[in-house]
Structures are given as C-alpha cells and as structure tokens.
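Remarks on the structure that follows.
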Amino acid sequence: MPRELDIPYAFTLAVIRNQRGLLTVTTSVFRAELHKLNHDWSLQRCNEWSTRKQTFFKDITDGDGADRTYVLRNMGRVL
C-alpha cells in the first residue's frame, strides 16, 4: 500500500549529481523510484508534484515533453 510519506523520499532517491557537479532529477528516474515504493504515477503527475512541492529545483529541459530534467538552484535544498 503506497504511503504519502514515501513521495518526498522517492524524490530524494532520484537526485543524481551530474558531470558538472549539479544535483539533478529527471522525471523518469523519480517515477521509477516511486514505482519501487508502490506508487503508480504518470510522468505528468510527477512533473506537477515536482514543480509544486520542490520549489528549489528549476526545469532545465530543452523543448517539450513529459520527461523533464530539474536542477537544484544555488543554496537550495530538497524539501
């Protein structure tokens, strides 16, 4: 049974440091971590949650699409 408490935890697990040293999250990785914790979310729902709840992350995706990439802003933190 999925728990609401697992959602921020899954987001934290999806944070990856890229080659430039920036902390990034992609929607597909976040969705995969949610799936491991028994949440079945669409990419769109993951994007909506990320933009609403994780205000220190900025969308850096080129073009349109459901699989977005977010980067942690300066002096930000994972909420």
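Residues in the structure tokens are numbered from 1 in each chain, the chains being A, B, ... in the order shown, and ligands are numbered from 1 in the order shown.
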Just want the 12 Å neighbourhood of Leu34 of chain A, counted on only C-alpha atoms, with same-chain residues fewer than 6 positions away dropped. Output as a ChimeraX atom specification. /A:2-14,27-28,40-43,45-46
Using DSSP on the backbone coordinates, identify the residues of chain A assigned to alpha helix (DSSP H); present them as a PyMOL selection string. chain A and resi 6-14+27-36+43-53
Extract, using only C-alpha atoms, all DNA, RNA and protein residues at most 10 Å from Leu72 of chain A, discarding same-chain residues fewer than 3 positions from it, and format them as an MDAnalysis selection string. chainID A and resid 15 17 22:25 54:59 75:78
Selection export as a short mmCIF file (atom, residue, chain, number, x, y, z; two decimals), in the first residue's frame, atoms kept: N, CA and C atoms:
```cif
data_model
loop_
_atom_site.label_atom_id
_atom_site.label_comp_id
_atom_site.auth_asym_id
_atom_site.auth_seq_id
_atom_site.Cartn_x
_atom_site.Cartn_y
_atom_site.Cartn_z
N VAL A 15 17.58 12.04 -6.86
CA VAL A 15 18.55 13.12 -7.06
C VAL A 15 19.90 12.52 -7.41
N ARG A 17 23.95 13.53 -8.95
CA ARG A 17 24.95 14.56 -9.26
C ARG A 17 25.46 14.31 -10.69
N LEU A 22 26.31 19.36 -10.55
CA LEU A 22 24.99 19.87 -10.18
C LEU A 22 24.07 18.72 -9.77
N LEU A 23 23.21 18.98 -8.81
CA LEU A 23 22.23 17.98 -8.38
C LEU A 23 21.02 18.07 -9.29
N THR A 24 20.73 16.97 -9.98
CA THR A 24 19.63 16.95 -10.94
C THR A 24 18.67 15.80 -10.66
N VAL A 25 17.45 15.97 -11.17
CA VAL A 25 16.43 14.93 -11.08
C VAL A 25 15.73 14.88 -12.43
N GLN A 54 8.72 20.98 -4.79
CA GLN A 54 10.18 21.17 -4.76
C GLN A 54 10.54 22.50 -5.40
N THR A 55 10.34 23.57 -4.66
CA THR A 55 10.49 24.93 -5.21
C THR A 55 11.94 25.33 -5.43
N PHE A 56 12.91 24.61 -4.87
CA PHE A 56 14.31 24.94 -5.08
C PHE A 56 14.88 24.32 -6.36
N PHE A 57 14.07 23.57 -7.09
CA PHE A 57 14.51 22.97 -8.34
C PHE A 57 13.95 23.74 -9.53
N LYS A 58 14.78 23.90 -10.56
CA LYS A 58 14.40 24.63 -11.77
C LYS A 58 14.39 23.66 -12.95
N ASP A 59 13.39 23.79 -13.81
CA ASP A 59 13.27 22.96 -15.01
C ASP A 59 14.27 23.45 -16.05
N MET A 75 22.13 27.39 -3.30
CA MET A 75 21.72 27.46 -1.90
C MET A 75 20.36 26.81 -1.64
N GLY A 76 19.93 25.94 -2.53
CA GLY A 76 18.66 25.26 -2.36
C GLY A 76 18.81 23.97 -1.57
N ARG A 77 17.68 23.32 -1.34
CA ARG A 77 17.68 22.04 -0.64
C ARG A 77 16.48 21.24 -1.09
N VAL A 78 16.55 19.95 -0.85
CA VAL A 78 15.43 19.06 -1.17
C VAL A 78 14.44 19.16 -0.03
#
```
Please provide the set of residues having any atom within 12 Å of Gln44 of chain A, restricted to only C-alpha atoms, with same-chain residues fewer than 4 positions apart removed, written as a list in words. Thr27, Ser28, Phe30, Arg31, Asp40, Glu48, Trp49, Ser50, Thr51, Gly65, Ala66, Asp67 and Arg68 of chain A
Would you put the residues from that selection into a file with all heavy atoms, as a tab-separated table (two decimals), in the first residue's frame?
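Produced file again_29.tsv, reproduced below:
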```
chain	number	residue	atom	x	y	z
A	27	THR	N	12.38	13.22	-14.47
A	27	THR	CA	11.06	12.72	-14.14
A	27	THR	C	11.00	11.20	-14.24
A	27	THR	O	10.37	10.54	-13.41
A	27	THR	CB	10.00	13.35	-15.07
A	27	THR	OG1	10.16	14.77	-15.03
A	27	THR	CG2	8.61	13.00	-14.64
A	28	SER	N	11.69	10.64	-15.21
A	28	SER	CA	11.65	9.18	-15.37
A	28	SER	C	12.31	8.45	-14.20
A	28	SER	O	11.81	7.41	-13.75
A	28	SER	CB	12.31	8.77	-16.69
A	28	SER	OG	13.64	9.22	-16.73
A	30	PHE	N	12.57	9.70	-11.10
A	30	PHE	CA	11.65	9.93	-9.98
A	30	PHE	C	10.48	8.95	-10.05
A	30	PHE	O	10.09	8.34	-9.06
A	30	PHE	CB	11.17	11.38	-10.00
A	30	PHE	CG	10.16	11.74	-8.95
A	30	PHE	CD1	10.25	11.27	-7.65
A	30	PHE	CD2	9.11	12.58	-9.26
A	30	PHE	CE1	9.31	11.62	-6.67
A	30	PHE	CE2	8.17	12.93	-8.30
A	30	PHE	CZ	8.28	12.45	-7.01
A	31	ARG	N	9.94	8.77	-11.24
A	31	ARG	CA	8.82	7.83	-11.42
A	31	ARG	C	9.24	6.41	-11.10
A	31	ARG	O	8.49	5.65	-10.48
A	31	ARG	CB	8.29	7.93	-12.84
A	31	ARG	CG	7.10	7.06	-13.10
A	31	ARG	CD	6.61	7.22	-14.51
A	31	ARG	NE	5.44	6.41	-14.72
A	31	ARG	CZ	5.14	5.86	-15.87
A	31	ARG	NH1	5.90	6.06	-16.93
A	31	ARG	NH2	4.05	5.14	-16.00
A	40	ASP	N	1.99	4.36	-8.48
A	40	ASP	CA	1.89	4.26	-9.93
A	40	ASP	C	1.47	5.62	-10.48
A	40	ASP	O	0.29	5.89	-10.65
A	40	ASP	CB	0.88	3.18	-10.33
A	40	ASP	CG	0.90	2.91	-11.82
A	40	ASP	OD1	1.93	3.19	-12.46
A	40	ASP	OD2	-0.11	2.43	-12.34
A	48	GLU	N	4.02	17.64	-12.07
A	48	GLU	CA	3.18	18.53	-11.28
A	48	GLU	C	3.61	18.56	-9.82
A	48	GLU	O	3.70	19.62	-9.21
A	48	GLU	CB	1.71	18.12	-11.39
A	48	GLU	CG	1.12	18.36	-12.75
A	48	GLU	CD	-0.24	17.72	-12.93
A	48	GLU	OE1	-0.74	17.06	-11.98
A	48	GLU	OE2	-0.81	17.87	-14.02
A	49	TRP	N	3.89	17.38	-9.26
A	49	TRP	CA	4.32	17.32	-7.86
A	49	TRP	C	5.67	18.02	-7.69
A	49	TRP	O	5.88	18.76	-6.73
A	49	TRP	CB	4.41	15.87	-7.40
A	49	TRP	CG	4.72	15.76	-5.93
A	49	TRP	CD1	3.81	15.71	-4.92
A	49	TRP	CD2	6.02	15.72	-5.33
A	49	TRP	NE1	4.47	15.63	-3.72
A	49	TRP	CE2	5.84	15.63	-3.94
A	49	TRP	CE3	7.31	15.73	-5.82
A	49	TRP	CZ2	6.89	15.57	-3.04
A	49	TRP	CZ3	8.37	15.68	-4.93
A	49	TRP	CH2	8.15	15.59	-3.56
A	50	SER	N	6.59	17.78	-8.63
A	50	SER	CA	7.93	18.38	-8.53
A	50	SER	C	7.88	19.90	-8.56
A	50	SER	O	8.54	20.55	-7.76
A	50	SER	CB	8.82	17.87	-9.68
A	50	SER	OG	9.00	16.48	-9.58
A	51	THR	N	7.10	20.46	-9.45
A	51	THR	CA	7.03	21.92	-9.54
A	51	THR	C	6.28	22.53	-8.37
A	51	THR	O	6.59	23.63	-7.94
A	51	THR	CB	6.38	22.37	-10.86
A	51	THR	OG1	5.10	21.76	-10.99
A	51	THR	CG2	7.24	22.00	-12.05
A	65	GLY	N	7.93	17.94	-23.68
A	65	GLY	CA	7.92	16.51	-23.39
A	65	GLY	C	7.62	16.28	-21.94
A	65	GLY	O	7.76	17.16	-21.10
A	66	ALA	N	7.22	15.07	-21.62
A	66	ALA	CA	6.85	14.74	-20.25
A	66	ALA	C	8.05	14.40	-19.39
A	66	ALA	O	8.01	14.57	-18.18
A	66	ALA	CB	5.86	13.59	-20.24
A	67	ASP	N	9.13	13.91	-19.99
A	67	ASP	CA	10.32	13.56	-19.21
A	67	ASP	C	11.18	14.81	-19.05
A	67	ASP	O	11.94	15.18	-19.93
A	67	ASP	CB	11.10	12.44	-19.89
A	67	ASP	CG	12.16	11.85	-18.98
A	67	ASP	OD1	12.14	12.15	-17.77
A	67	ASP	OD2	12.99	11.08	-19.49
A	68	ARG	N	11.04	15.48	-17.92
A	68	ARG	CA	11.70	16.75	-17.65
A	68	ARG	C	12.96	16.52	-16.81
A	68	ARG	O	13.09	15.52	-16.12
A	68	ARG	CB	10.78	17.71	-16.91
A	68	ARG	CG	9.37	17.80	-17.42
A	68	ARG	CD	9.19	18.43	-18.75
A	68	ARG	NE	9.53	19.83	-18.76
A	68	ARG	CZ	9.62	20.54	-19.87
A	68	ARG	NH1	9.37	19.96	-21.03
A	68	ARG	NH2	9.95	21.80	-19.84
```
Check the DSSP output for the backbone and give back, as a ChimeraX atom specification, the residues of chain A in strand (DSSP E). /A:16-17,23-26,57-59,69-72
Write the selection just made, keeping C-alpha atoms, as a PDB file, in the first residue's frame?
```pdb
ATOM      1  CA  ILE A  16      21.761  12.495  -9.017  1.00  0.00           C
ATOM      2  CA  ARG A  17      24.951  14.559  -9.263  1.00  0.00           C
ATOM      3  CA  LEU A  23      22.235  17.979  -8.385  1.00  0.00           C
ATOM      4  CA  THR A  24      19.629  16.954 -10.945  1.00  0.00           C
ATOM      5  CA  VAL A  25      16.426  14.934 -11.083  1.00  0.00           C
ATOM      6  CA  THR A  26      14.740  13.530 -14.155  1.00  0.00           C
ATOM      7  CA  PHE A  57      14.513  22.965  -8.338  1.00  0.00           C
ATOM      8  CA  LYS A  58      14.396  24.628 -11.774  1.00  0.00           C
ATOM      9  CA  ASP A  59      13.274  22.959 -15.006  1.00  0.00           C
ATOM     10  CA  THR A  69      15.064  17.492 -16.026  1.00  0.00           C
ATOM     11  CA  TYR A  70      15.255  19.633 -12.906  1.00  0.00           C
ATOM     12  CA  VAL A  71      18.389  21.137 -11.346  1.00  0.00           C
ATOM     13  CA  LEU A  72      18.863  22.324  -7.770  1.00  0.00           C
TER      14      LEU A  72
END
```
